[in-house]
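Structure data follow from entry_13.cif (mmCIF, C-alpha atoms):
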```
data_structure
#
loop_
_atom_site.group_PDB
_atom_site.id
_atom_site.type_symbol
_atom_site.label_atom_id
_atom_site.label_comp_id
_atom_site.auth_asym_id
_atom_site.auth_seq_id
_atom_site.Cartn_x
_atom_site.Cartn_y
_atom_site.Cartn_z
ATOM 1 C CA MET O 1 11.712 -83.278 46.482
ATOM 2 C CA LYS O 2 9.055 -84.772 44.264
ATOM 3 C CA ASN O 3 9.387 -88.218 42.734
ATOM 4 C CA GLY O 4 10.355 -88.462 39.087
ATOM 5 C CA ALA O 5 13.493 -87.589 37.176
ATOM 6 C CA LEU O 6 15.947 -85.150 38.670
ATOM 7 C CA PRO O 7 17.401 -83.496 35.573
ATOM 8 C CA GLY O 8 21.148 -83.172 35.482
ATOM 9 C CA THR O 9 21.723 -86.431 37.328
ATOM 10 C CA GLY O 10 20.254 -88.952 34.917
ATOM 11 C CA VAL O 11 18.384 -90.714 37.737
ATOM 12 C CA ALA O 12 15.069 -90.635 39.493
ATOM 13 C CA ALA O 13 14.712 -88.210 42.370
ATOM 14 C CA GLY O 14 13.133 -90.488 44.975
ATOM 15 C CA PRO O 15 15.795 -91.713 47.429
ATOM 16 C CA ASP O 16 14.354 -95.242 47.438
ATOM 17 C CA ASN O 17 14.082 -95.581 43.669
ATOM 18 C CA GLY O 18 15.862 -98.698 42.432
ATOM 19 C CA ARG O 19 17.699 -96.949 39.626
ATOM 20 C CA ARG O 20 19.539 -94.743 42.098
ATOM 21 C CA ARG O 21 20.623 -97.814 44.057
ATOM 22 C CA GLN O 22 22.462 -99.283 41.087
ATOM 23 C CA PRO O 23 26.258 -99.021 41.338
ATOM 24 C CA ALA O 24 27.895 -96.106 39.580
ATOM 25 C CA PRO O 25 29.279 -96.987 36.116
ATOM 26 C CA LEU O 26 32.916 -97.257 37.163
ATOM 27 C CA ILE O 27 32.049 -99.168 40.329
ATOM 28 C CA LEU O 28 30.066 -101.680 38.260
ATOM 29 C CA LEU O 29 33.052 -101.998 35.912
ATOM 30 C CA SER O 30 35.286 -102.492 38.953
ATOM 31 C CA PHE O 31 33.114 -105.396 40.151
ATOM 32 C CA VAL O 32 33.331 -106.995 36.704
ATOM 33 C CA LEU O 33 37.114 -106.607 36.504
ATOM 34 C CA HIS O 34 37.633 -108.036 39.997
ATOM 35 C CA ALA O 35 35.442 -111.034 39.189
ATOM 36 C CA ALA O 36 37.168 -111.591 35.849
ATOM 37 C CA ALA O 37 40.643 -111.381 37.391
ATOM 38 C CA ALA O 38 39.708 -113.758 40.204
ATOM 39 C CA ALA O 39 38.113 -116.281 37.830
ATOM 40 C CA THR O 40 41.056 -116.167 35.430
ATOM 41 C CA VAL O 41 43.664 -116.677 38.143
ATOM 42 C CA ALA O 42 41.602 -119.529 39.621
ATOM 43 C CA VAL O 43 41.696 -121.330 36.269
ATOM 44 C CA ARG O 44 45.200 -120.258 35.280
ATOM 45 C CA PRO O 45 47.273 -119.533 38.406
ATOM 46 C CA ASP O 46 50.303 -118.764 36.246
ATOM 47 C CA TRP O 47 48.422 -115.691 34.960
ATOM 48 C CA TRP O 48 48.486 -114.032 38.389
ATOM 49 C CA GLN O 49 50.590 -111.142 37.067
ATOM 50 C CA TRP O 50 47.920 -110.437 34.466
ATOM 51 C CA GLY O 51 45.310 -110.402 37.240
ATOM 52 C CA LEU O 52 47.332 -107.955 39.293
ATOM 53 C CA GLY O 53 47.784 -105.748 36.234
ATOM 54 C CA VAL O 54 44.033 -105.659 35.634
ATOM 55 C CA LEU O 55 43.361 -104.664 39.239
ATOM 56 C CA ALA O 56 46.115 -102.025 39.188
ATOM 57 C CA GLY O 57 44.631 -100.548 36.017
ATOM 58 C CA ASN O 58 41.194 -100.541 37.633
ATOM 59 C CA TYR O 59 42.390 -98.594 40.675
ATOM 60 C CA LEU O 60 44.273 -96.170 38.444
ATOM 61 C CA LEU O 61 41.064 -95.556 36.482
ATOM 62 C CA LEU O 62 39.124 -94.907 39.694
ATOM 63 C CA GLY O 63 41.812 -92.469 40.828
ATOM 64 C CA VAL O 64 41.616 -90.597 37.539
ATOM 65 C CA ALA O 65 37.805 -90.428 37.813
ATOM 66 C CA VAL O 66 38.089 -88.737 41.215
ATOM 67 C CA MET O 67 40.012 -85.896 39.538
ATOM 68 C CA PHE O 68 37.049 -84.982 37.298
ATOM 69 C CA PRO O 69 34.521 -83.415 39.716
ATOM 70 C CA ARG O 70 31.825 -82.735 37.104
ATOM 71 C CA ALA O 71 31.785 -86.248 35.636
ATOM 72 C CA ARG O 72 29.140 -88.884 36.378
ATOM 73 C CA TRP O 73 31.400 -91.934 36.278
ATOM 74 C CA LEU O 74 31.204 -92.290 40.078
ATOM 75 C CA GLY O 75 27.478 -91.641 40.354
ATOM 76 C CA PRO O 76 24.763 -89.112 39.501
ATOM 77 C CA ASN O 77 25.992 -85.537 39.577
ATOM 78 C CA LEU O 78 23.909 -82.374 39.355
ATOM 79 C CA VAL O 79 25.884 -79.932 37.203
ATOM 80 C CA ARG O 80 22.948 -77.830 35.973
ATOM 81 C CA LEU O 81 19.481 -77.012 37.251
ATOM 82 C CA PRO O 82 16.378 -78.793 35.907
ATOM 83 C CA GLU O 83 14.725 -77.622 32.705
ATOM 84 C CA ALA O 84 11.845 -76.060 34.633
ATOM 85 C CA ALA O 85 14.340 -73.801 36.417
ATOM 86 C CA VAL O 86 15.953 -72.936 33.078
ATOM 87 C CA ARG O 87 12.578 -71.857 31.707
ATOM 88 C CA ARG O 88 12.074 -69.665 34.772
ATOM 89 C CA GLY O 89 15.430 -67.956 34.180
ATOM 90 C CA GLU O 90 16.967 -69.281 37.400
ATOM 91 C CA VAL O 91 20.546 -69.929 38.410
ATOM 92 C CA CYS O 92 21.919 -71.028 41.767
ATOM 93 C CA ILE O 93 24.834 -69.367 43.527
ATOM 94 C CA THR O 94 26.402 -71.820 45.950
ATOM 95 C CA PHE O 95 28.899 -71.098 48.710
ATOM 96 C CA ASP O 96 31.346 -73.665 50.093
ATOM 97 C CA ASP O 97 33.376 -74.096 53.283
ATOM 98 C CA GLY O 98 31.449 -71.861 55.692
ATOM 99 C CA PRO O 99 30.062 -70.521 57.799
ATOM 100 C CA ASP O 100 32.696 -67.898 58.465
ATOM 101 C CA PRO O 101 32.156 -65.469 61.361
ATOM 102 C CA GLU O 102 33.678 -62.553 59.430
ATOM 103 C CA VAL O 103 32.474 -63.083 55.860
ATOM 104 C CA THR O 104 29.206 -65.047 55.841
ATOM 105 C CA LEU O 105 27.034 -62.395 57.470
ATOM 106 C CA LYS O 106 28.278 -59.790 54.977
ATOM 107 C CA VAL O 107 27.462 -62.189 52.151
ATOM 108 C CA LEU O 108 23.940 -62.512 53.547
ATOM 109 C CA GLU O 109 23.564 -58.741 53.622
ATOM 110 C CA ILE O 110 24.587 -58.446 49.971
ATOM 111 C CA LEU O 111 22.170 -61.194 48.954
ATOM 112 C CA ASP O 112 19.385 -59.440 50.882
ATOM 113 C CA ARG O 113 20.143 -56.186 49.095
ATOM 114 C CA TYR O 114 19.635 -57.878 45.741
ATOM 115 C CA GLN O 115 16.738 -60.070 46.940
ATOM 116 C CA ALA O 116 18.740 -63.103 45.847
ATOM 117 C CA ARG O 117 18.704 -66.571 47.374
ATOM 118 C CA ALA O 118 21.553 -69.063 47.492
ATOM 119 C CA SER O 119 22.600 -72.462 48.824
ATOM 120 C CA PHE O 120 25.336 -72.668 51.456
ATOM 121 C CA PHE O 121 27.315 -75.916 51.592
ATOM 122 C CA CYS O 122 28.357 -75.814 55.223
ATOM 123 C CA VAL O 123 31.045 -77.813 56.985
ATOM 124 C CA GLY O 124 29.524 -79.592 59.979
ATOM 125 C CA ARG O 125 32.333 -78.697 62.379
ATOM 126 C CA GLU O 126 32.204 -75.016 61.393
ATOM 127 C CA ALA O 127 28.414 -74.962 61.669
ATOM 128 C CA GLU O 128 28.577 -76.446 65.153
ATOM 129 C CA ALA O 129 30.907 -73.608 66.163
ATOM 130 C CA GLN O 130 28.581 -70.949 64.655
ATOM 131 C CA PRO O 131 25.021 -72.277 65.107
ATOM 132 C CA GLU O 132 23.371 -68.853 65.241
ATOM 133 C CA LEU O 133 25.004 -67.886 61.964
ATOM 134 C CA VAL O 134 23.752 -71.078 60.323
ATOM 135 C CA ARG O 135 20.254 -70.387 61.628
ATOM 136 C CA GLU O 136 20.522 -66.872 60.203
ATOM 137 C CA ILE O 137 21.348 -68.326 56.776
ATOM 138 C CA ALA O 138 18.161 -70.404 56.898
ATOM 139 C CA ARG O 139 16.087 -67.590 58.411
ATOM 140 C CA ARG O 140 16.898 -65.338 55.460
ATOM 141 C CA GLY O 141 15.516 -67.887 53.004
ATOM 142 C CA HIS O 142 18.668 -69.641 51.869
ATOM 143 C CA SER O 143 19.247 -73.379 52.002
ATOM 144 C CA VAL O 144 21.861 -75.071 54.162
ATOM 145 C CA GLU O 145 23.426 -78.098 52.476
ATOM 146 C CA SER O 146 26.236 -80.473 53.409
ATOM 147 C CA HIS O 147 29.940 -80.120 52.660
ATOM 148 C CA SER O 148 31.053 -82.968 54.971
ATOM 149 C CA ASN O 149 31.861 -82.729 58.661
ATOM 150 C CA ILE O 150 35.534 -81.751 58.852
ATOM 151 C CA HIS O 151 36.311 -80.842 55.210
ATOM 152 C CA SER O 152 39.383 -83.046 54.865
ATOM 153 C CA ASN O 153 41.399 -82.721 51.649
ATOM 154 C CA ALA O 154 41.800 -86.499 51.868
ATOM 155 C CA PHE O 155 38.019 -87.084 51.797
ATOM 156 C CA ALA O 156 38.165 -89.033 48.512
ATOM 157 C CA LEU O 157 40.609 -91.485 50.108
ATOM 158 C CA PHE O 158 38.469 -92.293 53.150
ATOM 159 C CA GLY O 159 37.227 -95.825 53.718
ATOM 160 C CA TRP O 160 33.555 -96.799 53.875
ATOM 161 C CA PHE O 161 33.009 -96.305 57.601
ATOM 162 C CA ARG O 162 34.812 -92.982 57.793
ATOM 163 C CA LEU O 163 32.864 -91.697 54.789
ATOM 164 C CA LYS O 164 29.588 -92.653 56.486
ATOM 165 C CA ARG O 165 30.706 -90.929 59.666
ATOM 166 C CA GLU O 166 31.577 -87.763 57.722
ATOM 167 C CA VAL O 167 28.221 -87.668 55.949
ATOM 168 C CA ASP O 168 26.121 -88.634 58.978
ATOM 169 C CA SER O 169 27.832 -86.271 61.413
ATOM 170 C CA ALA O 170 27.288 -83.311 59.102
ATOM 171 C CA GLN O 171 23.664 -84.309 58.514
ATOM 172 C CA ASP O 172 22.988 -84.576 62.241
ATOM 173 C CA ILE O 173 24.652 -81.263 63.102
ATOM 174 C CA LEU O 174 22.992 -79.260 60.322
ATOM 175 C CA ALA O 175 19.569 -80.809 60.946
ATOM 176 C CA ARG O 176 19.823 -80.097 64.662
ATOM 177 C CA ILE O 177 20.698 -76.457 64.008
ATOM 178 C CA THR O 178 18.215 -75.654 61.233
ATOM 179 C CA GLY O 179 15.478 -78.240 61.791
ATOM 180 C CA ARG O 180 15.947 -79.472 58.220
ATOM 181 C CA LYS O 181 18.205 -82.200 56.891
ATOM 182 C CA PRO O 182 20.301 -81.155 53.896
ATOM 183 C CA GLN O 183 19.170 -82.595 50.582
ATOM 184 C CA PHE O 184 22.361 -81.939 48.644
ATOM 185 C CA PHE O 185 26.000 -82.862 49.193
ATOM 186 C CA ARG O 186 29.253 -81.585 47.717
ATOM 187 C CA ALA O 187 32.574 -83.249 48.517
ATOM 188 C CA PRO O 188 35.488 -81.222 49.915
ATOM 189 C CA VAL O 189 37.586 -79.789 47.071
ATOM 190 C CA GLY O 190 35.010 -81.391 44.749
ATOM 191 C CA PHE O 191 36.781 -84.773 44.845
ATOM 192 C CA ARG O 192 34.231 -87.505 45.534
ATOM 193 C CA SER O 193 35.150 -90.963 46.725
ATOM 194 C CA PRO O 194 34.302 -93.963 44.529
ATOM 195 C CA LEU O 195 32.519 -95.332 47.618
ATOM 196 C CA LEU O 196 30.350 -92.266 48.227
ATOM 197 C CA HIS O 197 27.354 -92.837 45.951
ATOM 198 C CA PRO O 198 25.533 -95.628 47.898
ATOM 199 C CA ILE O 199 26.027 -93.717 51.153
ATOM 200 C CA LEU O 200 24.354 -90.637 49.693
ATOM 201 C CA VAL O 201 21.532 -92.716 48.230
ATOM 202 C CA SER O 202 20.737 -94.303 51.578
ATOM 203 C CA ARG O 203 20.584 -90.834 53.172
ATOM 204 C CA GLY O 204 18.390 -89.354 50.425
ATOM 205 C CA LEU O 205 21.151 -86.958 49.382
ATOM 206 C CA HIS O 206 21.835 -85.725 45.854
ATOM 207 C CA TYR O 207 25.389 -85.023 44.763
ATOM 208 C CA VAL O 208 26.055 -81.549 43.323
ATOM 209 C CA SER O 209 29.075 -80.104 41.598
ATOM 210 C CA TRP O 210 28.791 -76.925 39.479
ATOM 211 C CA THR O 211 28.413 -75.525 35.983
ATOM 212 C CA ARG O 212 31.147 -72.934 36.441
ATOM 213 C CA ARG O 213 33.392 -71.860 39.289
ATOM 214 C CA GLY O 214 35.172 -68.600 40.082
ATOM 215 C CA TYR O 215 38.322 -70.016 41.718
ATOM 216 C CA ASP O 216 37.876 -67.352 44.372
ATOM 217 C CA ALA O 217 39.585 -69.629 46.889
ATOM 218 C CA VAL O 218 42.894 -69.100 45.078
ATOM 219 C CA SER O 219 42.443 -65.884 43.082
ATOM 220 C CA ARG O 220 43.052 -62.369 44.372
ATOM 221 C CA ASN O 221 41.512 -60.719 41.314
ATOM 222 C CA PRO O 222 37.750 -60.143 41.685
ATOM 223 C CA VAL O 223 37.414 -59.110 38.040
ATOM 224 C CA ALA O 224 38.879 -62.436 36.921
ATOM 225 C CA VAL O 225 36.594 -64.344 39.285
ATOM 226 C CA VAL O 226 33.484 -62.623 37.917
ATOM 227 C CA ARG O 227 34.668 -63.208 34.360
ATOM 228 C CA ARG O 228 35.027 -66.942 34.993
ATOM 229 C CA LEU O 229 31.523 -67.095 36.457
ATOM 230 C CA THR O 230 29.805 -65.070 33.752
ATOM 231 C CA GLN O 231 31.553 -66.114 30.544
ATOM 232 C CA GLY O 232 28.840 -68.089 28.784
ATOM 233 C CA LEU O 233 26.478 -67.628 31.743
ATOM 234 C CA ALA O 234 23.012 -69.056 31.094
ATOM 235 C CA ALA O 235 19.828 -69.972 32.907
ATOM 236 C CA GLY O 236 20.260 -73.238 34.772
ATOM 237 C CA ASP O 237 23.870 -72.625 35.769
ATOM 238 C CA ILE O 238 25.146 -73.627 39.207
ATOM 239 C CA LEU O 239 27.858 -71.194 40.304
ATOM 240 C CA LEU O 240 30.505 -71.955 42.913
ATOM 241 C CA LEU O 241 31.953 -69.398 45.339
ATOM 242 C CA HIS O 242 33.238 -69.504 48.929
ATOM 243 C CA ASP O 243 31.842 -67.549 51.880
ATOM 244 C CA THR O 244 35.163 -67.897 53.699
ATOM 245 C CA ARG O 245 37.197 -65.579 51.467
ATOM 246 C CA PRO O 246 36.877 -61.770 51.699
ATOM 247 C CA ILE O 247 37.246 -61.491 47.915
ATOM 248 C CA VAL O 248 33.670 -62.775 47.604
ATOM 249 C CA LEU O 249 32.445 -59.448 49.025
ATOM 250 C CA GLU O 250 33.878 -57.701 45.958
ATOM 251 C CA VAL O 251 32.762 -60.394 43.547
ATOM 252 C CA LEU O 252 29.173 -60.864 44.645
ATOM 253 C CA PRO O 253 27.684 -57.402 43.887
ATOM 254 C CA ASP O 254 29.190 -57.386 40.390
ATOM 255 C CA LEU O 255 27.973 -60.926 39.784
ATOM 256 C CA LEU O 256 24.443 -60.115 40.956
ATOM 257 C CA ASP O 257 24.375 -56.996 38.775
ATOM 258 C CA LYS O 258 25.306 -59.107 35.765
ATOM 259 C CA LEU O 259 22.642 -61.679 36.619
ATOM 260 C CA ALA O 260 20.010 -58.950 36.781
ATOM 261 C CA ALA O 261 21.182 -57.473 33.489
ATOM 262 C CA ALA O 262 20.823 -60.895 31.869
ATOM 263 C CA GLY O 263 17.323 -61.343 33.289
ATOM 264 C CA LEU O 264 18.429 -64.149 35.620
ATOM 265 C CA ARG O 265 17.757 -64.618 39.314
ATOM 266 C CA SER O 266 19.510 -66.732 41.903
ATOM 267 C CA VAL O 267 17.437 -69.249 43.862
ATOM 268 C CA THR O 268 18.199 -72.107 46.241
ATOM 269 C CA LEU O 269 18.808 -75.633 45.011
ATOM 270 C CA PRO O 270 15.680 -77.049 46.698
ATOM 271 C CA SER O 271 13.572 -74.313 45.096
ATOM 272 C CA ALA O 272 15.077 -74.874 41.649
ATOM 273 C CA CYS O 273 14.674 -78.646 41.894
ATOM 274 C CA GLY O 274 11.032 -78.492 42.847
ATOM 275 C CA ASP O 275 10.927 -78.989 46.613
#
```
Let me see the file written as structure tokens.
Amino acid sequence: MKNGALPGTGVAAGPDNGRRRQPAPLILLSFVLHAAAAATVAVRPDWWQWGLGVLAGNYLLLGVAVMFPRARWLGPNLVRLPEAAVRRGEVCITFDDGPDPEVTLKVLEILDRYQARASFFCVGREAEAQPELVREIARRGHSVESHSNIHSNAFALFGWFRLKREVDSAQDILARITGRKPQFFRAPVGFRSPLLHPILVSRGLHYVSWTRRGYDAVSRNPVAVVRRLTQGLAAGDILLLHDTRPIVLEVLPDLLDKLAAAGLRSVTLPSACGD
């Protein structure tokens, strides 16, 4: 990825750029609140209850921030493609949770039929169990990105060392299989940890959420899924689906037809972001 601004994140693209190494807004606020509480209690020990209240409020705020996947309070967050991709009429279809031995290959066949490209956010453990399928994703021109190693629903609650292990294990597995380290990361269930941002920065990873999602992981109605993805659809959108649910095989052709009718084409995240 070229140096310079990465639109949609509010930060520079280069992994070593100083701006990206600054703490996320809420983490910086957390440092300030901790320091203020400690200083106040040191001067006025009888105010210890006030100090505890400040810290409790801080942790509550961090917990609330985790529940807003598309926000940037916990660090840069790509929710739309760069302006250059918008001008080219590009969107990006992304798939989470795979690869799946039953569904992913059929998804690839549909994408081939429409000459569309996508980004697959793969789980390291699943990729290790299906290396040939992951290589097939890359061979067909799609990008393989990281969705953590074990896809734990408790990912946002992990401590520093376990978060690093999750990120690094997935990076190592996916790079070994495809010969390319992922450039983008999406947290399981979309809930990112307040501690995640500096880990991603040090690995040269960009955090990605989505513009709109189909809720195909919980819906059994393909028409409703397509409607959620296409209502207000515009160039630059990042769309979220799952290549682990058979419903996607009904959703994807209709979605790709609607993209074509709107004059839009699906590309990979690295392509859209200028790599």
Residue members of the PyMOL selection byres ((chain O and resi 229) around 8) in the file shown, as a list of chain:residue names: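 Those residues are O:Arg212, O:Arg213, O:Gly214, O:Val225, O:Val226, O:Arg227, O:Arg228, O:Thr230, O:Gln231, O:Leu233, O:Leu239, O:Leu255.
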Given the PyMOL selection byres ((chain O and resi 174) around 10), the residues it picks as a PyMOL selection string: chain O and resi 122-125+127-128+131+134-135+144-146+149+168-173+175-182
Selection: 10 Å around stretch 240-243 of chain O, only C-alpha atoms, excl. self and same-chain fewer than 3 positions, as a ChimeraX atom specification: /O:92-108,119-122,209-217,225,229,237,246-249,251-252
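Put simply, atom CA of O:Arg220 is 24.4 Å away from atom CA of O:Ala116.
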Nearest-residue call for O:Ala235, choices O:Val91, O:Val189, O:Ala71, O:Ile110, using all atoms listed in the file: O:Val91
Atomic distance atom CA of O:Phe161 - atom CA of O:Phe191, expressed in Å with one decimal: 17.6 Å
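Residue nearest O:Gly190, chosen from O:Thr244, O:Thr268, O:Gln130, O:Ser148 and counting all atoms listed in the file: O:Ser148.
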Between atom CA of O:Glu166 and atom CA of O:Leu200, distance in Å (one decimal): 11.2 Å
Using all atoms listed in the file: which of O:Pro45, O:Gly141, O:Pro253, O:Gly263 has the shortest distance to O:Arg113: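 Smallest separation from O:Arg113 among the options: O:Pro253.
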Output as a PDB file, in the frame of the given file: stretch 156-169 of chain O, completed with N, CA and C atoms.
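In the end it all went to out.pdb:
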```pdb
ATOM      1  N   ALA O 156      38.350 -88.030  49.562  1.00  0.00           N
ATOM      2  CA  ALA O 156      38.165 -89.033  48.512  1.00  0.00           C
ATOM      3  C   ALA O 156      38.907 -90.332  48.804  1.00  0.00           C
ATOM      4  N   LEU O 157      39.828 -90.301  49.764  1.00  0.00           N
ATOM      5  CA  LEU O 157      40.609 -91.485  50.108  1.00  0.00           C
ATOM      6  C   LEU O 157      40.056 -92.215  51.328  1.00  0.00           C
ATOM      7  N   PHE O 158      39.020 -91.678  51.944  1.00  0.00           N
ATOM      8  CA  PHE O 158      38.469 -92.293  53.150  1.00  0.00           C
ATOM      9  C   PHE O 158      37.857 -93.652  52.834  1.00  0.00           C
ATOM     10  N   GLY O 159      37.910 -94.548  53.824  1.00  0.00           N
ATOM     11  CA  GLY O 159      37.227 -95.825  53.718  1.00  0.00           C
ATOM     12  C   GLY O 159      35.737 -95.682  53.967  1.00  0.00           C
ATOM     13  N   TRP O 160      35.022 -96.782  53.794  1.00  0.00           N
ATOM     14  CA  TRP O 160      33.555 -96.799  53.875  1.00  0.00           C
ATOM     15  C   TRP O 160      33.025 -96.223  55.186  1.00  0.00           C
ATOM     16  N   PHE O 161      33.561 -96.713  56.313  1.00  0.00           N
ATOM     17  CA  PHE O 161      33.009 -96.305  57.601  1.00  0.00           C
ATOM     18  C   PHE O 161      33.321 -94.844  57.911  1.00  0.00           C
ATOM     19  N   ARG O 162      34.504 -94.382  57.528  1.00  0.00           N
ATOM     20  CA  ARG O 162      34.812 -92.982  57.793  1.00  0.00           C
ATOM     21  C   ARG O 162      33.992 -92.062  56.896  1.00  0.00           C
ATOM     22  N   LEU O 163      33.736 -92.479  55.663  1.00  0.00           N
ATOM     23  CA  LEU O 163      32.864 -91.697  54.789  1.00  0.00           C
ATOM     24  C   LEU O 163      31.469 -91.571  55.392  1.00  0.00           C
ATOM     25  N   LYS O 164      30.923 -92.694  55.870  1.00  0.00           N
ATOM     26  CA  LYS O 164      29.588 -92.653  56.486  1.00  0.00           C
ATOM     27  C   LYS O 164      29.580 -91.724  57.698  1.00  0.00           C
ATOM     28  N   ARG O 165      30.642 -91.790  58.484  1.00  0.00           N
ATOM     29  CA  ARG O 165      30.706 -90.929  59.666  1.00  0.00           C
ATOM     30  C   ARG O 165      30.755 -89.453  59.262  1.00  0.00           C
ATOM     31  N   GLU O 166      31.496 -89.144  58.201  1.00  0.00           N
ATOM     32  CA  GLU O 166      31.577 -87.763  57.722  1.00  0.00           C
ATOM     33  C   GLU O 166      30.213 -87.248  57.258  1.00  0.00           C
ATOM     34  N   VAL O 167      29.534 -88.065  56.470  1.00  0.00           N
ATOM     35  CA  VAL O 167      28.221 -87.668  55.949  1.00  0.00           C
ATOM     36  C   VAL O 167      27.202 -87.574  57.076  1.00  0.00           C
ATOM     37  N   ASP O 168      27.138 -88.593  57.927  1.00  0.00           N
ATOM     38  CA  ASP O 168      26.121 -88.634  58.978  1.00  0.00           C
ATOM     39  C   ASP O 168      26.329 -87.551  60.034  1.00  0.00           C
ATOM     40  N   SER O 169      27.572 -87.300  60.404  1.00  0.00           N
ATOM     41  CA  SER O 169      27.832 -86.271  61.413  1.00  0.00           C
ATOM     42  C   SER O 169      27.388 -84.903  60.918  1.00  0.00           C
TER      43      SER O 169
END
```
